[in-house]
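Novice: Right, I'll just put the structure down here and ask away after.
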4 protein chains.
Amino acid sequence: MKVTLITHTPEPEKVVAAAAKLCYSDKADIATLMNSLDDPEAIRKFIENLMKMHHYSPLEHISFTFGIEGVSRSFLAQITRHRLAAFSVRSQRYCAEDWSAPVVPPSIANDKARAEEFRIAMESAWSTYRQLLEMGVPKEDARAVLPNACATRMLVTMNARELLHLFSLRCCTRAQLEIRQVAWKMLEECKKVAPTIFSQGGASCDQTGRCPEGEKSCGRLGKKKETEKNCKSEPKKS
Amino acid sequence: MKVTLITHTPEPEKVVAAAAKLCYSDKADIATLMNSLDDPEAIRKFIENLMKMHHYSPLEHISFTFGIEGVSRSFLAQITRHRLAAFSVRSQRYCAEDWSAPVVPPSIANDKARAEEFRIAMESAWSTYRQLLEMGVPKEDARAVLPNACATRMLVTMNARELLHLFSLRCCTRAQLEIRQVAWKMLEECKKVAPTIFSQGGASCDQTGRCPEGEKSCGRLGKKKETEKNCKSEPKKS
Amino acid sequence: MKVTLITHTPEPEKVVAAAAKLCYSDKADIATLMNSLDDPEAIRKFIENLMKMHHYSPLEHISFTFGIEGVSRSFLAQITRHRLAAFSVRSQRYCAEDWSAPVVPPSIANDKARAEEFRIAMESAWSTYRQLLEMGVPKEDARAVLPNACATRMLVTMNARELLHLFSLRCCTRAQLEIRQVAWKMLEECKKVAPTIFSQGGASCDQTGRCPEGEKSCGRLGKKKETEKNCKSEPKKS
Amino acid sequence: MKVTLITHTPEPEKVVAAAAKLCYSDKADIATLMNSLDDPEAIRKFIENLMKMHHYSPLEHISFTFGIEGVSRSFLAQITRHRLAAFSVRSQRYCAEDWSAPVVPPSIANDKARAEEFRIAMESAWSTYRQLLEMGVPKEDARAVLPNACATRMLVTMNARELLHLFSLRCCTRAQLEIRQVAWKMLEECKKVAPTIFSQGGASCDQTGRCPEGEKSCGRLGKKKETEKNCKSEPKKS
């Protein structure tokens, strides 16, 4: 799995500050407003306040484009359920798949017997796939035998508001491990270029101090400091 | 594959007519406007005109909810790329899959040798899946070995404008057969309850008299009358 | 101001229950699932649980169409900022406005001196508007002199999830009175046809027991029982 | 009126090319793919082809943020109907308005008698506004007397696909002059940084060679070369 921040709106926190200030500033025209935003420390404090007041709409002006690769088709099914996003995904209709690197869940990879079962199934699936292609079946149909473990890659673009929403759901311990790992990596990248906005990023409990999972809660919230460490490192195990 | 229109906005064409008339009607309040829409033939003519003028925004007020089942996970990946929609999909994380009815592409099913290859691959995949479950692997991870052919089911809701957009792409001969079949069935259902709106539904060429596919065009447009028959029946072959 | 529920997805809570059950139900096909939902009391309990777990995506399948009239152009500017919605609005480009019923904020209407100032301004604005029309200015340009108080009407369609979001912002005492009144009336209508889903509807504090407004909070949350009464009746004063 | 391109995704056409190539490229990982995009001329040709094939989804990865000021509240009502966008708008609830620069439609400004009528109406509206404020009416209510001509300013962010859609509607001679002028200026700015993508930008007829306006068509399409000149210059007249 590899997550790369391919590009993003330049000076993202300055743009957010400009958008927010525009709404309430009484006099300045836009050029004056932009020019007045020359003190990074002042911007930082302003954004901090904005986030505290849940004034999120200015976050929609800045967007982040990620390259995500070495992830499974199960991951694809989950990430594409976020609809306020742009996706460009390697096509199984037009590209031939090779079996070199299926995505193995750690619960399988970390156990010899399970891993062996899995390896055999993968070899068999790809062998049938190649066989069907040779028999003249089009790629788009032969892929019917390919497993969810099949690796894919994609470009994903989201704005900062939607990213915070994605993190609230997908950084949570109730999300499946793979997408949780990707979400934490995306968050890490975001923090490098928009640290104030994303400093509170993470699962619902990180962002709001509340867990909406009811009886299915992981209980992490209660022992926050300890689990924060665990949670963030846990996805890196594999 | 089974496509059912589960529910929809009642009296859809009347609602669209009301929305469109509201924009330009000079005097009436809304109740008067609704009451004046009592002549189905007048509504039909009005909607016909609306569609001719490409005045599509009133179509967003009416929505249609479909049950779609016996479709593959490949289909799922394609339909969920339409983002102005609501989806509820059977979860592979929480439901155990059984292999009773994988979705077999006709290019495989209609050829004995291919079908036999395919059948063996399916049995093998599900056998590994069950094996992994027995070894204690959680469903959400064991599903890594499940194939795209795995059947799923879902509820999908879209408004009429987005449906026409979906049809323009997915009724096209360049769409994969499975989603094309579903799209034509959805269109058929829509025509039963909103015949005027959907009378021109279908691929881009049906809706606009133009093909955007360039050199990849199927050429159907040129020999329309003949191919229309072919195209609409073709998806039913399987 | 008048808010009418023009139409909505039939049996909305049954549809939501079906969508939610489909995700986790192991065996049934969709027809069996729909048929099994025959006990209103069971549906009610199921939905209650769903709402408690913040499992909101099934709410997107059901939509509600409102007629809203006798509201100001200021209201229009606010409601159209909700983007997951369909709008059909009386056009000021093509319809001539009459001044018979501008929308007067209570802070003006309830004070004689203010109301008189306001009345004179309205008469003057409409008189100039008519004058410009007579001088040959097109409606779309003459409207430049029309005030925000100008009454308009519209059809608005939203799904239940987006409605709950709108209520969280617009039922709040920090929202302007006019849109707050409309929001509470919309909520009232929703409760009549989907009482379980909307029973917790209202401002953020009603829905989550939390106020995100920080130092700008109205303090209503602290003295909930009392203010709930006040808040809901307050918008009806005018 | 002033339209400024405040910021945009860096190297926009390279990002679009990467997204499009990713879908169909058989071997490369994302880093290799990005590195291979080093020939501007090759990118230009690739994008040209993409646009010809109507393969628009990669355009969603790049976004453009505009500062728009000196526009009327009528313009605001129109631009906010585009919902796939981020808006931050000067608030009339919290900012006091001054009358120094209302937005005057040319059909009024270019005629002495009309302009005088208009000027008197503006003075009167602002005088009442100030009067109401002095009488203790909150800004959010006093604004009820402010006219559509009131100037506002905003930050607007859209992706390239949605921009092309906006241009198709708002560069059209059937759009009102003010939004048409803004749309053409936005297009001009876009062309400076993504010339290949936006080279065909403009009204529907510019983008598709077709006019959807039926009997309300301006006829510009028939005498294209001549009117193109007229149309693009026409909005600059005022």
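For the structure tokens, the naming scheme is as follows: chains receive sequential letters (A, B, ...) according to their order of presentation, residues are indexed from 1 within each chain, and ligands are indexed from 1 in presentation order.
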If you count only C-alpha atoms, which residues fall within 7 Å of C:Leu5, apart from same-chain ones fewer than 2 positions away, as number ranges by chain?

Specialist: C: 3, 7, 65-67, 189

Novice: Would you write out those residues with N, CA and C atoms, as a PDB file, in the first residue's frame?

Specialist:
ATOM      1  N   VAL C   3     -45.969  26.761   4.330  1.00  0.00           N
ATOM      2  CA  VAL C   3     -45.139  25.597   4.018  1.00  0.00           C
ATOM      3  C   VAL C   3     -46.050  24.394   3.851  1.00  0.00           C
ATOM      4  N   THR C   7     -45.480  16.402  -1.653  1.00  0.00           N
ATOM      5  CA  THR C   7     -45.430  14.955  -1.864  1.00  0.00           C
ATOM      6  C   THR C   7     -44.198  14.387  -1.173  1.00  0.00           C
ATOM      7  N   THR C  65     -40.961  16.733  -0.801  1.00  0.00           N
ATOM      8  CA  THR C  65     -41.081  17.924  -1.640  1.00  0.00           C
ATOM      9  C   THR C  65     -41.992  18.941  -0.971  1.00  0.00           C
ATOM     10  N   PHE C  66     -41.452  20.119  -0.713  1.00  0.00           N
ATOM     11  CA  PHE C  66     -42.210  21.164  -0.036  1.00  0.00           C
ATOM     12  C   PHE C  66     -42.547  22.303  -0.981  1.00  0.00           C
ATOM     13  N   GLY C  67     -43.758  22.824  -0.841  1.00  0.00           N
ATOM     14  CA  GLY C  67     -44.080  24.116  -1.427  1.00  0.00           C
ATOM     15  C   GLY C  67     -43.853  25.167  -0.350  1.00  0.00           C
ATOM     16  N   GLU C 189     -44.184  19.019   9.378  1.00  0.00           N
ATOM     17  CA  GLU C 189     -44.767  18.231   8.285  1.00  0.00           C
ATOM     18  C   GLU C 189     -44.107  16.859   8.196  1.00  0.00           C
TER      19      GLU C 189
END

Novice: If you count only C-alpha atoms, which residues fall within 12 Å of A:Ile179, apart from same-chain ones fewer than 3 positions away, as a PyMOL selection string?

Specialist: chain A and resi 1-3+68-80+105+166-167+169-176+182-186+235-236

Novice: Return as a ChimeraX atom specification the residues belonging to chain A that are within 8 Å of chain D, counting only C-alpha atoms.

Specialist: /A:7-10,19-20,22-26,29-30,57-58,60-61,63,65,67,69,86-91,94-96,153-157

Novice: Please, which residues of stretch 84-160 of chain D, numbered as in this document, come out strand (DSSP E or B) from DSSP, as a count of residues only?

Specialist: 14

Novice: In stretch 10-220 of chain B, what's alpha helix (DSSP H) per DSSP? Answer as JSON, numbers by chain?

Specialist: {"B": [12, 13, 14, 15, 16, 17, 18, 19, 20, 21, 22, 23, 24, 30, 31, 32, 33, 34, 35, 36, 40, 41, 42, 43, 44, 45, 46, 47, 48, 49, 50, 51, 52, 73, 74, 75, 76, 77, 78, 79, 106, 107, 108, 109, 112, 113, 114, 115, 116, 117, 118, 119, 120, 121, 122, 123, 124, 125, 126, 127, 128, 129, 130, 131, 132, 133, 134, 139, 140, 141, 142, 160, 161, 162, 163, 164, 165, 166, 167, 168, 169, 170, 177, 178, 179, 180, 181, 182, 183, 184, 185, 186, 187, 188, 189, 190, 191, 192, 193, 195, 196, 197, 198, 204, 205, 206, 207, 208]}

Novice: Figure out the distance between atom CA of B:Gln131 and atom CA of A:Arg143, please, to one decimal in Å.

Specialist: 23.0 Å

Novice: Please compute the atom CA of C:Ser127-atom CA of D:Arg180 distance, one decimal, in Å.

Specialist: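 Straight-line distance from atom CA of C:Ser127 to atom CA of D:Arg180 works out to 28.4 Å.
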